[in-house]
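Have a look at entry-v1.txt; it's compact mmCIF, C-alpha atoms and all ligand atoms:
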# COMPACT_ATOMS: atom_id res chain seq x y z
CA MET A 22 98.37 123.54 75.60
CA THR A 23 95.03 123.83 73.85
CA ASP A 24 92.07 121.52 74.37
CA SER A 25 92.28 117.82 73.70
CA LEU A 26 92.19 116.60 70.13
CA GLU A 27 89.00 114.81 71.11
CA ASP A 28 87.44 118.26 70.85
CA ASN A 29 88.54 118.56 67.23
CA ARG A 30 88.37 116.35 64.23
CA ALA A 31 91.61 114.65 63.39
CA PRO A 32 92.67 113.88 59.84
CA LYS A 33 92.30 110.15 59.28
CA VAL A 34 94.44 107.96 57.08
CA GLN A 35 92.82 104.97 55.48
CA ALA A 36 94.81 101.80 56.10
CA SER A 37 96.74 100.55 53.12
CA GLY A 38 95.10 97.65 51.32
CA LEU A 39 98.54 96.02 51.06
CA SER A 40 99.76 93.55 53.63
CA ARG A 41 103.11 94.56 55.06
CA ARG A 42 104.94 91.81 53.20
CA ALA A 43 103.16 92.60 49.98
CA PHE A 44 104.09 96.18 50.62
CA VAL A 45 107.76 95.28 51.02
CA ARG A 46 107.72 93.34 47.77
CA TYR A 47 105.97 96.22 46.08
CA GLY A 48 108.48 98.57 47.61
CA ALA A 49 111.42 96.48 46.42
CA ALA A 50 110.05 96.38 42.90
CA SER A 51 109.67 100.12 43.07
CA VAL A 52 113.37 100.65 43.53
CA GLY A 53 113.06 100.14 47.25
CA VAL A 54 110.97 103.10 48.07
CA ALA A 55 109.93 101.70 51.44
CA ALA A 56 112.24 103.94 53.42
CA VAL A 57 112.87 103.52 57.09
CA GLY A 58 110.32 105.21 59.23
CA GLY A 59 108.74 106.63 56.14
CA GLY A 60 106.86 103.81 54.50
CA ILE A 61 106.80 105.89 51.38
CA ALA A 62 104.37 103.74 49.44
CA ALA A 63 102.09 103.66 52.44
CA MET A 64 102.36 107.38 52.77
CA ALA A 65 101.43 107.71 49.13
CA ASN A 66 98.14 106.07 50.12
CA ARG A 67 97.24 108.76 52.54
CA PRO A 68 94.82 111.41 51.47
CA ALA A 69 96.32 114.83 51.07
CA LEU A 70 96.01 116.36 54.48
CA SER A 71 94.28 119.64 54.62
CA PRO A 72 94.09 120.80 58.19
CA ARG A 73 91.84 123.64 57.16
CA GLN A 74 89.41 121.26 55.46
CA GLN A 75 89.47 119.02 58.49
CA GLY A 76 88.63 121.93 60.73
CA LEU A 77 92.02 122.00 62.37
CA PRO A 78 94.06 125.16 62.60
CA THR A 79 97.07 125.25 60.26
CA ILE A 80 100.36 125.05 62.08
CA PRO A 81 102.51 128.04 61.16
CA ASP A 82 106.17 127.43 60.26
CA TRP A 83 107.81 126.32 63.47
CA THR A 84 111.47 125.63 64.20
CA ALA A 85 113.57 125.08 67.29
CA THR A 86 113.94 128.84 67.69
CA ASP A 87 110.20 128.93 68.50
CA ILE A 88 110.60 126.76 71.59
CA PRO A 89 109.46 128.87 74.53
CA SER A 90 111.70 129.32 77.54
CA LEU A 91 111.85 126.08 79.51
CA ARG A 92 113.76 127.56 82.42
CA GLY A 93 112.69 125.86 85.63
CA ARG A 94 111.27 122.86 83.77
CA SER A 95 112.65 119.33 83.64
CA ALA A 96 112.76 116.87 80.77
CA LEU A 97 113.71 113.24 80.26
CA VAL A 98 114.58 112.04 76.75
CA THR A 99 115.06 108.31 76.25
CA GLY A 100 117.73 107.54 73.69
CA GLY A 101 119.24 111.02 73.64
CA ASN A 102 122.81 109.85 73.16
CA GLY A 103 123.00 109.51 69.39
CA TYR A 104 125.62 112.18 68.79
CA PRO A 105 126.90 112.55 65.21
CA VAL A 106 128.84 109.50 64.14
CA ASP A 107 129.51 108.60 60.51
CA ASP A 108 127.20 111.36 59.33
CA ARG A 109 124.35 109.99 61.43
CA SER A 110 122.98 111.39 64.63
CA GLY A 111 120.04 110.18 66.64
CA LEU A 112 116.89 112.23 66.86
CA GLY A 113 116.92 112.16 70.66
CA PHE A 114 120.26 113.97 70.68
CA HIS A 115 118.60 116.92 68.92
CA ASP A 116 115.57 116.75 71.21
CA ALA A 117 117.90 116.99 74.21
CA LEU A 118 120.08 119.70 72.64
CA GLU A 119 117.13 121.99 71.92
CA LEU A 120 115.40 121.35 75.24
CA ALA A 121 118.66 122.22 77.02
CA ARG A 122 119.13 125.30 74.82
CA ALA A 123 115.68 126.49 75.90
CA GLY A 124 116.80 126.20 79.52
CA ALA A 125 115.29 122.89 80.61
CA ASP A 126 117.04 120.62 83.08
CA VAL A 127 117.53 117.59 80.82
CA THR A 128 118.26 113.94 81.49
CA ILE A 129 119.09 111.61 78.62
CA ALA A 130 118.87 107.90 79.25
CA SER A 131 119.90 104.82 77.33
CA ARG A 132 122.32 101.89 77.39
CA LYS A 133 125.67 103.17 76.17
CA GLN A 134 127.36 105.16 78.92
CA GLU A 135 130.32 106.29 76.83
CA ARG A 136 128.14 107.65 74.05
CA GLY A 137 125.85 109.21 76.62
CA GLU A 138 128.71 111.07 78.21
CA GLU A 139 129.98 112.19 74.82
CA ALA A 140 126.49 113.48 73.94
CA VAL A 141 126.41 115.44 77.21
CA ARG A 142 129.85 116.87 76.43
CA ARG A 143 128.74 117.94 72.96
CA ILE A 144 125.54 119.53 74.21
CA LYS A 145 127.43 121.42 76.90
CA ALA A 146 129.87 122.62 74.25
CA SER A 147 126.96 123.94 72.14
CA VAL A 148 125.00 125.32 75.06
CA PRO A 149 127.30 126.74 77.71
CA GLY A 150 125.70 126.32 81.11
CA ALA A 151 123.36 123.56 79.89
CA SER A 152 121.87 121.47 82.66
CA ILE A 153 122.15 117.96 81.27
CA ARG A 154 123.20 114.53 82.42
CA PHE A 155 123.23 110.94 81.19
CA GLU A 156 121.65 108.06 83.11
CA ALA A 157 121.93 104.38 82.25
CA LEU A 158 118.68 102.74 81.16
CA ASP A 159 117.95 99.59 79.20
CA LEU A 160 114.34 99.79 78.10
CA SER A 161 114.38 96.19 76.96
CA ASN A 162 114.99 95.07 80.53
CA LEU A 163 112.13 95.63 82.97
CA ALA A 164 114.43 95.46 85.99
CA SER A 165 116.59 98.22 84.50
CA VAL A 166 113.45 100.30 83.88
CA ALA A 167 112.34 99.84 87.49
CA GLU A 168 115.80 100.71 88.85
CA PHE A 169 116.07 103.77 86.64
CA ALA A 170 112.62 105.03 87.67
CA GLU A 171 113.52 104.47 91.30
CA ARG A 172 116.67 106.58 90.86
CA MET A 173 114.63 109.33 89.20
CA ARG A 174 112.08 109.30 91.96
CA ALA A 175 114.76 109.40 94.63
CA SER A 176 116.58 112.33 93.04
CA ARG A 177 113.76 114.73 92.12
CA GLY A 178 110.28 115.80 93.12
CA SER A 179 108.68 116.11 89.70
CA LEU A 180 109.09 115.71 85.96
CA ASP A 181 107.57 118.06 83.37
CA ILE A 182 108.40 116.51 79.98
CA LEU A 183 108.92 112.85 79.12
CA VAL A 184 109.99 112.10 75.55
CA ASN A 185 109.62 108.40 74.78
CA ASN A 186 112.05 108.57 71.87
CA ALA A 187 114.44 105.60 72.05
CA GLY A 188 113.81 102.87 69.56
CA VAL A 189 115.20 99.98 67.58
CA MET A 190 114.32 98.32 64.29
CA GLY A 191 114.13 94.59 64.01
CA ARG A 192 117.11 92.60 62.79
CA LYS A 193 116.82 89.81 60.28
CA SER A 194 116.39 87.15 62.96
CA ARG A 195 114.07 87.34 65.92
CA GLU A 196 115.81 88.32 69.14
CA VAL A 197 114.45 88.23 72.66
CA SER A 198 115.09 90.52 75.59
CA ALA A 199 116.43 89.51 78.98
CA ASP A 200 112.81 89.12 80.06
CA GLY A 201 112.02 86.87 77.09
CA PHE A 202 110.06 89.38 75.01
CA GLU A 203 110.65 90.03 71.32
CA ARG A 204 113.36 92.73 71.33
CA VAL A 205 111.64 95.45 69.28
CA PHE A 206 108.36 95.19 71.20
CA ALA A 207 110.30 95.05 74.48
CA THR A 208 112.30 98.20 73.71
CA ASN A 209 109.95 100.43 71.77
CA THR A 210 106.64 99.66 73.44
CA LEU A 211 106.80 97.64 76.65
CA GLY A 212 109.85 99.40 78.12
CA HIS A 213 108.45 102.85 77.47
CA PHE A 214 105.05 101.87 78.82
CA ALA A 215 106.56 100.50 82.03
CA LEU A 216 108.83 103.53 82.35
CA THR A 217 105.90 105.93 81.95
CA ALA A 218 103.84 104.03 84.53
CA ARG A 219 106.69 104.15 87.02
CA LEU A 220 107.32 107.85 86.42
CA LEU A 221 103.64 108.77 86.64
CA PRO A 222 103.89 110.03 90.25
CA LEU A 223 106.68 112.43 89.20
CA LEU A 224 104.81 113.54 86.10
CA ARG A 225 101.64 114.18 88.07
CA LYS A 226 103.60 116.66 90.17
CA GLY A 227 105.04 118.34 87.05
CA ASN A 228 104.36 121.76 85.62
CA SER A 229 101.91 121.25 82.69
CA PRO A 230 103.36 117.78 82.24
CA ARG A 231 103.54 116.19 78.81
CA ILE A 232 104.42 112.75 77.56
CA VAL A 233 105.49 112.52 73.93
CA TRP A 234 105.44 109.14 72.23
CA VAL A 235 107.62 108.86 69.13
CA SER A 236 105.89 106.77 66.50
CA SER A 237 106.48 106.43 62.77
CA SER A 238 104.52 106.82 59.57
CA ARG A 239 105.12 103.06 59.28
CA ALA A 240 102.52 102.62 62.03
CA LEU A 241 100.12 102.62 59.12
CA MET A 242 101.44 99.18 58.16
CA GLY A 243 101.39 97.82 61.70
CA ALA A 244 98.90 95.42 63.22
CA ILE A 245 98.00 94.43 66.77
CA ASN A 246 97.63 90.65 66.78
CA PHE A 247 97.02 89.52 70.33
CA ALA A 248 97.46 85.90 69.28
CA ASP A 249 101.10 86.58 68.33
CA LEU A 250 102.08 89.92 69.86
CA GLN A 251 105.68 88.73 70.18
CA LEU A 252 105.85 87.46 66.58
CA ALA A 253 106.95 84.10 67.94
CA GLN A 254 105.05 82.23 65.26
CA ASP A 255 105.69 84.49 62.29
CA TYR A 256 108.66 86.84 62.73
CA ASP A 257 109.33 89.56 60.21
CA TYR A 258 111.73 92.38 61.06
CA GLY A 259 109.67 95.07 59.40
CA ALA A 260 106.45 93.88 61.01
CA ALA A 261 108.12 93.93 64.42
CA TYR A 262 108.93 97.60 63.95
CA ASP A 263 105.65 98.64 62.33
CA ASN A 264 103.60 96.88 65.01
CA SER A 265 105.58 98.51 67.82
CA LYS A 266 105.06 101.95 66.31
CA LEU A 267 101.32 101.35 65.88
CA ALA A 268 101.21 100.16 69.49
CA ASN A 269 102.99 103.33 70.64
CA LEU A 270 100.49 105.48 68.79
CA MET A 271 97.53 103.61 70.25
CA LEU A 272 98.98 103.78 73.75
CA ALA A 273 99.60 107.51 73.41
CA PHE A 274 95.97 108.11 72.49
CA GLU A 275 94.71 105.72 75.16
CA MET A 276 96.96 107.44 77.70
CA GLN A 277 95.41 110.78 76.84
CA ARG A 278 91.90 109.36 77.18
CA ARG A 279 92.72 107.88 80.58
CA SER A 280 94.50 111.01 81.74
CA ALA A 281 91.45 113.11 80.86
CA ALA A 282 89.00 110.64 82.40
CA GLU A 283 90.98 110.07 85.59
CA GLY A 284 92.27 113.61 86.07
CA TRP A 285 96.01 112.92 85.88
CA GLY A 286 96.61 116.46 84.61
CA ILE A 287 99.05 115.08 82.02
CA SER A 288 98.92 115.54 78.24
CA ALA A 289 99.90 112.60 76.06
CA ILE A 290 100.88 113.51 72.50
CA ALA A 291 102.38 111.55 69.60
CA ALA A 292 104.86 112.60 66.93
CA HIS A 293 106.86 111.08 64.10
CA PRO A 294 109.99 112.41 62.38
CA GLY A 295 109.28 111.47 58.77
CA ILE A 296 112.56 109.91 57.68
CA ALA A 297 115.95 111.01 58.89
CA ARG A 298 119.46 109.62 58.56
CA THR A 299 120.24 108.06 61.94
CA ASN A 300 121.66 104.87 63.35
CA LEU A 301 118.27 103.12 63.31
CA VAL A 302 118.83 101.08 60.14
CA PRO A 303 122.57 100.33 60.55
CA ASP A 304 121.81 99.08 64.07
CA GLY A 305 118.69 97.24 62.86
CA PRO A 306 118.25 95.36 59.60
CA GLY A 307 121.61 96.63 58.31
CA PRO A 308 123.01 97.92 55.02
CA ASP A 309 121.82 95.01 52.88
CA SER A 310 118.19 95.38 53.82
CA LEU A 311 115.70 97.30 51.72
CA GLU A 312 115.94 100.13 54.23
CA GLY A 313 119.74 100.02 54.14
CA ARG A 314 119.76 100.28 50.35
CA ASN A 315 117.50 103.30 50.60
CA HIS A 316 120.08 104.90 52.88
CA ARG A 317 122.78 104.24 50.28
CA TYR A 318 121.01 104.98 47.04
CA MET A 319 118.39 107.56 47.98
CA PRO A 320 120.09 109.77 50.55
CA PHE A 321 118.16 112.76 49.26
CA LEU A 322 114.99 111.32 50.83
CA PHE A 323 116.37 111.59 54.35
CA GLN A 324 116.14 114.85 56.17
CA PRO A 325 118.75 115.99 58.67
CA PRO A 326 118.08 114.57 62.14
CA ALA A 327 117.87 118.10 63.58
CA GLN A 328 114.83 118.69 61.37
CA GLY A 329 113.41 115.21 62.00
CA ALA A 330 113.36 116.07 65.70
CA LEU A 331 111.09 119.10 65.20
CA PRO A 332 107.65 117.41 65.37
CA THR A 333 108.67 115.81 68.67
CA LEU A 334 109.97 119.13 69.98
CA TYR A 335 106.76 120.83 68.89
CA ALA A 336 104.70 118.22 70.74
CA ALA A 337 106.92 118.54 73.81
CA THR A 338 107.06 122.32 74.05
CA SER A 339 104.64 124.30 71.89
CA PRO A 340 101.83 126.00 73.79
CA GLN A 341 99.70 125.24 70.71
CA ALA A 342 100.32 121.47 70.81
CA VAL A 343 97.11 119.57 71.44
CA ALA A 344 96.69 116.77 73.95
CA GLY A 345 95.98 113.56 72.04
CA GLY A 346 97.40 115.12 68.85
CA TYR A 347 99.80 113.56 66.35
CA TYR A 348 102.48 115.63 64.64
CA GLY A 349 104.85 114.92 61.78
CA PRO A 350 106.66 116.73 58.97
CA ASN A 351 104.41 118.77 56.70
CA GLY A 352 106.39 118.25 53.47
CA PHE A 353 106.11 115.85 50.53
CA LEU A 354 104.37 112.64 51.68
CA GLY A 355 105.13 113.63 55.23
CA LEU A 356 108.73 112.48 54.80
CA GLY A 357 110.33 115.78 55.65
CA GLY A 358 109.56 119.35 56.46
CA LEU A 359 108.47 121.44 59.42
CA PRO A 360 105.96 120.21 62.01
CA GLY A 361 102.38 119.77 60.84
CA TRP A 362 99.44 117.54 61.59
CA ALA A 363 100.19 113.89 60.91
CA GLY A 364 97.48 111.68 59.52
CA ILE A 365 96.18 109.20 62.07
CA PRO A 366 95.83 105.65 60.73
CA GLU A 367 92.25 104.59 61.30
CA LYS A 368 93.31 101.51 63.28
CA ALA A 369 95.27 103.69 65.72
CA ASP A 370 91.94 105.14 66.85
CA ASP A 371 90.41 101.73 67.54
CA GLN A 372 89.58 102.33 71.20
CA LYS A 373 88.52 98.76 71.96
CA THR A 374 91.84 97.34 70.75
CA ALA A 375 93.72 100.15 72.51
CA ALA A 376 92.06 99.34 75.84
CA ARG A 377 92.90 95.66 75.43
CA LEU A 378 96.47 96.49 74.45
CA TRP A 379 96.77 98.70 77.53
CA GLY A 380 95.67 95.86 79.80
CA THR A 381 98.02 93.45 78.07
CA VAL A 382 101.10 95.66 78.39
CA GLU A 383 100.24 96.45 82.00
CA GLN A 384 100.27 92.74 82.68
CA LEU A 385 103.43 91.99 80.66
CA GLY A 386 105.24 95.01 82.11
CA GLY A 387 104.22 94.27 85.70
CA VAL A 388 102.87 97.78 86.15
CA THR A 389 99.50 99.28 86.90
CA PHE A 390 99.01 102.88 85.90
CA GLY A 391 98.45 105.15 88.82
CA ARG A 392 99.18 102.40 91.33
CA THR A 393 102.74 101.27 90.44
CA ALA A 394 105.15 101.90 93.29
N1 LIG B 401 115.24 107.79 61.73
C1 LIG B 401 114.05 107.71 61.16
O1 LIG B 401 113.88 107.88 59.94
C2 LIG B 401 112.85 107.42 62.01
C3 LIG B 401 111.59 107.37 61.39
C4 LIG B 401 110.46 107.14 62.16
C5 LIG B 401 110.57 106.98 63.52
N2 LIG B 401 111.81 107.03 64.11
C6 LIG B 401 111.87 106.84 65.56
O2 LIG B 401 112.70 107.83 66.14
C7 LIG B 401 113.22 107.34 67.39
C8 LIG B 401 114.70 107.63 67.48
O3 LIG B 401 115.36 106.82 66.54
P1 LIG B 401 116.63 107.30 65.72
O4 LIG B 401 116.24 107.32 64.31
O5 LIG B 401 117.20 108.51 66.34
O6 LIG B 401 117.57 106.04 65.92
P2 LIG B 401 119.03 105.87 66.55
O7 LIG B 401 119.97 106.87 66.01
O8 LIG B 401 119.35 104.42 66.34
O9 LIG B 401 118.81 106.14 68.07
C9 LIG B 401 118.15 105.19 68.88
C10 LIG B 401 118.34 105.56 70.32
O10 LIG B 401 117.65 104.60 71.12
C11 LIG B 401 118.50 104.16 72.15
N3 LIG B 401 118.15 102.78 72.51
C12 LIG B 401 118.13 101.70 71.72
N4 LIG B 401 117.82 100.60 72.44
C13 LIG B 401 117.64 101.01 73.71
C14 LIG B 401 117.33 100.35 74.92
N5 LIG B 401 117.15 99.04 74.99
N6 LIG B 401 117.24 101.08 76.06
C15 LIG B 401 117.44 102.43 76.03
N7 LIG B 401 117.72 103.11 74.91
C16 LIG B 401 117.84 102.40 73.76
C17 LIG B 401 119.92 104.25 71.58
O11 LIG B 401 120.88 104.42 72.63
P3 LIG B 401 121.76 103.18 73.21
O12 LIG B 401 122.26 102.43 72.04
O13 LIG B 401 122.79 103.84 74.07
O14 LIG B 401 120.81 102.39 74.06
C18 LIG B 401 119.81 105.53 70.75
O15 LIG B 401 120.07 106.66 71.54
C19 LIG B 401 112.89 105.86 67.43
O16 LIG B 401 111.76 105.67 68.27
C20 LIG B 401 112.52 105.54 65.98
O17 LIG B 401 111.62 104.47 65.89
C21 LIG B 401 112.95 107.24 63.39

Written form, structure tokens:
Amino acid sequence: MTDSLEDNRAPKVQASGLSRRAFVRYGAASVGVAAVGGGIAAMANRPALSPRQQGLPTIPDWTATDIPSLRGRSALVTGGNGYPVDDRSGLGFHDALELARAGADVTIASRKQERGEEAVRRIKASVPGASIRFEALDLSNLASVAEFAERMRASRGSLDILVNNAGVMGRKSREVSADGFERVFATNTLGHFALTARLLPLLRKGNSPRIVWVSSSRALMGAINFADLQLAQDYDYGAAYDNSKLANLMLAFEMQRRSAAEGWGISAIAAHPGIARTNLVPDGPGPDSLEGRNHRYMPFLFQPPAQGALPTLYAATSPQAVAGGYYGPNGFLGLGGLPGWAGIPEKADDQKTAARLWGTVEQLGGVTFGRTA
């Protein structure tokens, strides 16, 4: 791990002048180019990234074969059970597969036990001798998060890598979690934040511990509106997702700042996969949504999930990954390709809003970083 990104200059992305809804209309008129996780029109707004110009070292071609040995290290991947079904496989499955292949002791955690066990079976079939298990976890339920963290803490002394990967897209109508929070915010942001807080004691005892937050290029279209964080007054399925991914990015950067200031010894890093064919859209807004039509009519835009997982794997394992960094695919518009620097939306670096968001999610999640039992 090199020095914190604070020591470098990060490429910045100017926020799109379009509101999210205007963007969706624009996207629809443009043959639905607003792809899931990609926000293609938004990406088209980003300046061409030139790491060299920005004073950042270029990232050489990097694939899963470059993952260093992880023997003796432990990893937890949320949402690692998306094994290939109907030509779609979740990104977390590939994170877990490659971490296990490199020798890590891997836990995958999410809701569906049967799929989790099938993912474990498939990974063991690909990697004989893999050390991998499935644990039940519902991130949208704070009691489940607390129980899961308690089980982890009872069964191990430390944790080296936490990949906050699981995620959902909004559905057409607003849904609320068991705790009464808007479902996308509850799953993508609040659940992961509470989980990370509760696992902090394990992570602090880890070997060069890292926390990777999976965001999306659609964070560029997100907004943090404290007056309606739950979108109770004005629900929009795309906004729910974009806001949660912006929140994750801001929390990742804030986490790194706090870790450095308070000496946690943990690196927080963010990554996004570009766009990849997974279960995110079918399980979210569905086939008739703009995103669903993109799946049907523009399959060429979607990269294989195994490649979409690479920026996350780079952030989780590369000795060159930078604390506080943000990685994504280096190809056309950042939609696909090998890991490179991802542009950071200017609003994601708003430290005042990030600090307020941190306090808000601590309160909503019933956790206090560094002091949560
Ligand atoms: N695919 C893309 O193009 C794209 C683009 C940008 C960002 N991303 C991000 O990549 C991450 C992985 O998504 P994916 O594309 O691989 O989607 P996916 O195939 O739908 O996988 C989502 C995973 O999240 C888990 N999950 C959902 N709700 C959960 C909950 N309440 N508690 C615990 N686990 C839960 C699911 O497992 P269970 O159903 O068993 O709970 C599943 O393993 C997400 O954070 C997504 O936002 C994806």

Could you name the residues that touch stretch 381-390 of chain A at 7 Å or less, counting all atoms listed in the file, but leaving out those on the same chain fewer than 5 positions away, as a VMD selection string?
chain A and resid 163 211 215 218

Distance filter 7 Å around ligand LIG 401 (chain B), atoms: all atoms listed in the file, out as a PyMOL selection string
chain A and resi 57-59+99-103+110-113+130-134+136-137+158-161+186-190+208-209+235-238+293-301+304

For stretch 204-206 of chain A, find every residue with an atom within 10 Å (counting all atoms listed in the file), except residues of its own chain fewer than 4 positions away, and show them as an NGL selection string.
:A and (160-162 or 188-192 or 195-200 or 210-213 or 250-252 or 258 or 260-266 or 268-269 or 305)

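For the choices A:Ala281, A:Leu241, A:Leu183, A:Leu331, the atom-to-atom distance to A:Leu221 is smallest for A:Leu183 when using all atoms listed in the file.
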
Draw an axis-aligned box over all listed atoms of stretch 337-344 of chain A, pad each side with 6 Å, and write its centre and edge lengths in Å, one decimal, as AutoDock Vina command-line options.
--center_x 101.9 --center_y 121.4 --center_z 72.4 --size_x 22.4 --size_y 21.2 --size_z 15.3

All residues 7 Å or closer to stretch 147-155 of chain A, only C-alpha atoms, same chain fewer than 4 positions away omitted, as a list in words:
Ala121, Arg122, Asp126, Val127, Thr128, Ile129, Ala130, Gly137, Glu138, Val141 and Arg143 of chain A

Excluding A:Ser179 and residues on its chain fewer than 4 positions from it, collect all residues at most 6 Å away from it, counting only C-alpha atoms, and give them as an mmCIF file with C-alpha atoms, in the frame of the given file.
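Full text of selection_22.cif as output:
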data_model
loop_
_atom_site.group_PDB
_atom_site.id
_atom_site.type_symbol
_atom_site.label_atom_id
_atom_site.label_comp_id
_atom_site.auth_asym_id
_atom_site.auth_seq_id
_atom_site.Cartn_x
_atom_site.Cartn_y
_atom_site.Cartn_z
ATOM 1 C CA LEU A 223 106.680 112.430 89.200
ATOM 2 C CA LEU A 224 104.810 113.540 86.100
ATOM 3 C CA LYS A 226 103.600 116.660 90.170
ATOM 4 C CA GLY A 227 105.040 118.340 87.050
#

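Atom CA of A:Trp285 is found 22.3 Å from atom CA of A:Ala125.
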
Spatial neighbours of A:Leu120, 10 Å, only C-alpha atoms, chain gap at least 4 places, as a PyMOL selection string:
chain A and resi 85+88-92+94-98+114-116+124-127+151-153+182+334+337-338

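The gap separating atom CA of A:Ile80 from atom CA of A:Ala375 is 27.8 Å, in Å to one decimal.
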
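Taking atom CA of A:His316 as the reference point, atom CA of A:Val302 is found at 8.3 Å.
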